Amino acid sequence: MFALLRKEISSFLSSIIGYSVITVFLLAMGLFLWVFPGNFNILDAGFASLETLFILAPWVFMFLIPAITMRSFAEEQRTGTIELLLTRPLSEWQIILAKYLAGFLLVIIALLPTLVYYFSLQSIGNPTGNVDSGGTWGSYIGLLFLGGSFVAIGLFSSSLTDNQIVSFILAFFLCFFCYAGFDSIGRLETFKSVDTIVLNLGINEHYSSMSRGVVDSRDLLYFLSFTLFFLALTRFRLLSRTW
């Protein structure tokens, strides 16, 4: 399993796509937060807060993470190596977890440089260090769980096709719907009587809760269940190839 994990990470980092995806993410975050004038610019806001980072990051992740995961199983199916992989002394869960952890680690790699923003705000705050650390770290935890959920969606999408572009589009649509779709549905008059239930089915409701610095066990359970659900769907898809 760990050999496959190392292979997945090295395969991603040895390609120009890997570095391009991470660079685009960091460049987009840096420009919106520090350069482009407007509501998202930290310096224009007049107070030391990384709130805009955690507002923008999920939307950027909708493009970043499908780009990371689109080749996970799609490339294996296109080249025919999926059969070889499934005949190795690894269970379907071990294969899926290796690819999942590889994608999740790459999300962490993309996020780590943004910690510079936090320490920069600490130094320019008035007084120095006047930053909502609790809310910031809670938001980072929420963003990691959100990223993990998107990786699970991306793996499932990649297992459905041997075309990386189709995998990317499908993963983007599912990430968008699971993040923002339930919010839109919950606000419809038709679902007014069950709007709370519908909203709680979506990622945004739980991510927003954690972004306030409140790490609730119910939100953690939601993200873990959500991730496990899509990983289970991926396993079901792999098993269907052997039937």
# chains A, B, ... in the order shown; residues from 1 in each chain; ligands from 1
call {"tool": "closest_atom_pairs", "arguments": {"of": "segment 60-154 of chain A", "to": "segment 160-170 of chain A", "cutoff": "6 Å", "atoms": "only C-alpha atoms", "output": "tab-separated table"}}
result
residue	atom	partner	partner_atom	distance
A:Pro66	CA	A:Phe168	CA	5.1
A:Met70	CA	A:Gln164	CA	5.2
A:Arg71	CA	A:Gln164	CA	5.6
A:Ala74	CA	A:Asp162	CA	4.0
A:Gln77	CA	A:Asp162	CA	5.1
A:Arg78	CA	A:Asp162	CA	4.9
call {"tool": "residues_around", "arguments": {"residues": "Ala57 of chain A", "least_positions_apart": "5", "cutoff": "9 Å", "atoms": "only C-alpha atoms", "output": "list of chain:residue names"}}
result
A:Phe25, A:Met29, A:Thr52, A:Met62, A:Leu143
call {"tool": "closest_atom_pairs", "arguments": {"of": "segment 141-221 of chain A", "to": "segment 226-242 of chain A", "cutoff": "10 Å", "atoms": "only C-alpha atoms", "output": "JSON lines"}}
result
{"residue": "A:Phe145", "atom": "CA", "partner": "A:Thr227", "partner_atom": "CA", "distance": 8.9}
{"residue": "A:Leu146", "atom": "CA", "partner": "A:Thr227", "partner_atom": "CA", "distance": 9.3}
{"residue": "A:Gly147", "atom": "CA", "partner": "A:Thr227", "partner_atom": "CA", "distance": 9.9}
{"residue": "A:Gly148", "atom": "CA", "partner": "A:Thr227", "partner_atom": "CA", "distance": 6.9}
{"residue": "A:Ser149", "atom": "CA", "partner": "A:Thr227", "partner_atom": "CA", "distance": 5.0}
{"residue": "A:Phe150", "atom": "CA", "partner": "A:Thr227", "partner_atom": "CA", "distance": 8.1}
{"residue": "A:Val151", "atom": "CA", "partner": "A:Thr227", "partner_atom": "CA", "distance": 8.3}
{"residue": "A:Ala152", "atom": "CA", "partner": "A:Phe230", "partner_atom": "CA", "distance": 5.6}
{"residue": "A:Ile153", "atom": "CA", "partner": "A:Phe230", "partner_atom": "CA", "distance": 5.9}
{"residue": "A:Gly154", "atom": "CA", "partner": "A:Phe230", "partner_atom": "CA", "distance": 9.0}
{"residue": "A:Leu155", "atom": "CA", "partner": "A:Thr234", "partner_atom": "CA", "distance": 6.9}
{"residue": "A:Phe156", "atom": "CA", "partner": "A:Thr234", "partner_atom": "CA", "distance": 4.7}
{"residue": "A:Ser157", "atom": "CA", "partner": "A:Thr234", "partner_atom": "CA", "distance": 8.2}
{"residue": "A:Ser158", "atom": "CA", "partner": "A:Thr234", "partner_atom": "CA", "distance": 8.8}
{"residue": "A:Ser159", "atom": "CA", "partner": "A:Thr234", "partner_atom": "CA", "distance": 6.4}
{"residue": "A:Leu160", "atom": "CA", "partner": "A:Arg237", "partner_atom": "CA", "distance": 7.2}
{"residue": "A:Cys178", "atom": "CA", "partner": "A:Phe226", "partner_atom": "CA", "distance": 10.0}
{"residue": "A:Leu201", "atom": "CA", "partner": "A:Phe226", "partner_atom": "CA", "distance": 9.4}
{"residue": "A:Gly202", "atom": "CA", "partner": "A:Phe226", "partner_atom": "CA", "distance": 9.8}
{"residue": "A:Ile203", "atom": "CA", "partner": "A:Phe226", "partner_atom": "CA", "distance": 8.9}
{"residue": "A:Leu220", "atom": "CA", "partner": "A:Phe226", "partner_atom": "CA", "distance": 9.8}
{"residue": "A:Leu221", "atom": "CA", "partner": "A:Phe226", "partner_atom": "CA", "distance": 8.4}
call {"tool": "residues_around", "arguments": {"residues": "segment 94-104 of chain A", "least_positions_apart": "6", "cutoff": "6 Å", "atoms": "only C-alpha atoms", "output": "PDB file with C-alpha atoms, in the first residue's frame"}}
result
ATOM      1  CA  MET A   1       0.000   0.000   0.000  1.00  0.00           C
ATOM      2  CA  LEU A   5       1.178   5.700  -2.147  1.00  0.00           C
ATOM      3  CA  ILE A   9       2.789  11.085  -5.124  1.00  0.00           C
ATOM      4  CA  GLY A 148     -10.618  15.373   1.787  1.00  0.00           C
TER       5      GLY A 148
END
call {"tool": "residues_around", "arguments": {"residues": "Leu115 of chain A", "least_positions_apart": "2", "cutoff": "12 Å", "atoms": "only C-alpha atoms", "output": "PyMOL selection string"}}
result
chain A and resi 26+29-30+50+53+108-113+117-122+133+136-137+140
call {"tool": "write_last_selection", "arguments": {"atoms": "C-alpha atoms", "output": "CSV table (one decimal), in the first residue's frame"}}
result
chain,number,residue,atom,x,y,z
A,26,LEU,CA,-1.2,29.7,-4.8
A,29,MET,CA,-5.0,33.0,-3.7
A,30,GLY,CA,-2.1,35.5,-3.5
A,50,LEU,CA,-8.0,35.4,6.7
A,53,LEU,CA,-9.0,32.9,2.1
A,108,ILE,CA,-1.9,19.6,2.2
A,109,ILE,CA,1.2,20.5,0.2
A,110,ALA,CA,-0.9,23.2,-1.7
A,111,LEU,CA,-2.2,24.6,1.6
A,112,LEU,CA,1.0,24.7,3.6
A,113,PRO,CA,2.4,27.9,1.8
A,117,TYR,CA,-0.4,34.7,5.2
A,118,TYR,CA,-1.3,33.9,8.8
A,119,PHE,CA,2.1,34.8,10.1
A,120,SER,CA,2.2,37.9,7.9
A,121,LEU,CA,-1.1,39.1,9.4
A,122,GLN,CA,0.3,38.5,12.9
A,133,SER,CA,-6.1,32.4,15.9
A,136,THR,CA,-8.2,30.7,11.6
A,137,TRP,CA,-7.1,27.2,12.8
A,140,TYR,CA,-7.9,25.4,8.3
call {"tool": "closest_residue", "arguments": {"among": "A:Asp216, A:Phe177, A:Glu189, A:Leu4", "to": "Leu90 of chain A", "atoms": "only C-alpha atoms"}}
result
A:Leu4
call {"tool": "atom_distance", "arguments": {"atom1": "atom CA of Ala28 of chain A", "atom2": "atom CA of Cys175 of chain A"}}
result
19.2 Å
call {"tool": "select_by_dssp", "arguments": {"residues": "segment 7-205 of chain A", "states": "helix (DSSP H, G or I)", "output": "PyMOL selection string"}}
result
chain A and resi 7-13+16-35+42-45+51-69+74-79+81-86+92-124+133-159+164-186+189-201+203-205
call {"tool": "atom_distance", "arguments": {"atom1": "atom CA of Lys192 of chain A", "atom2": "atom CA of Tyr222 of chain A"}}
result
22.3 Å
call {"tool": "atom_distance", "arguments": {"atom1": "atom CA of Phe54 of chain A", "atom2": "atom CA of Ile17 of chain A"}}
result
24.2 Å
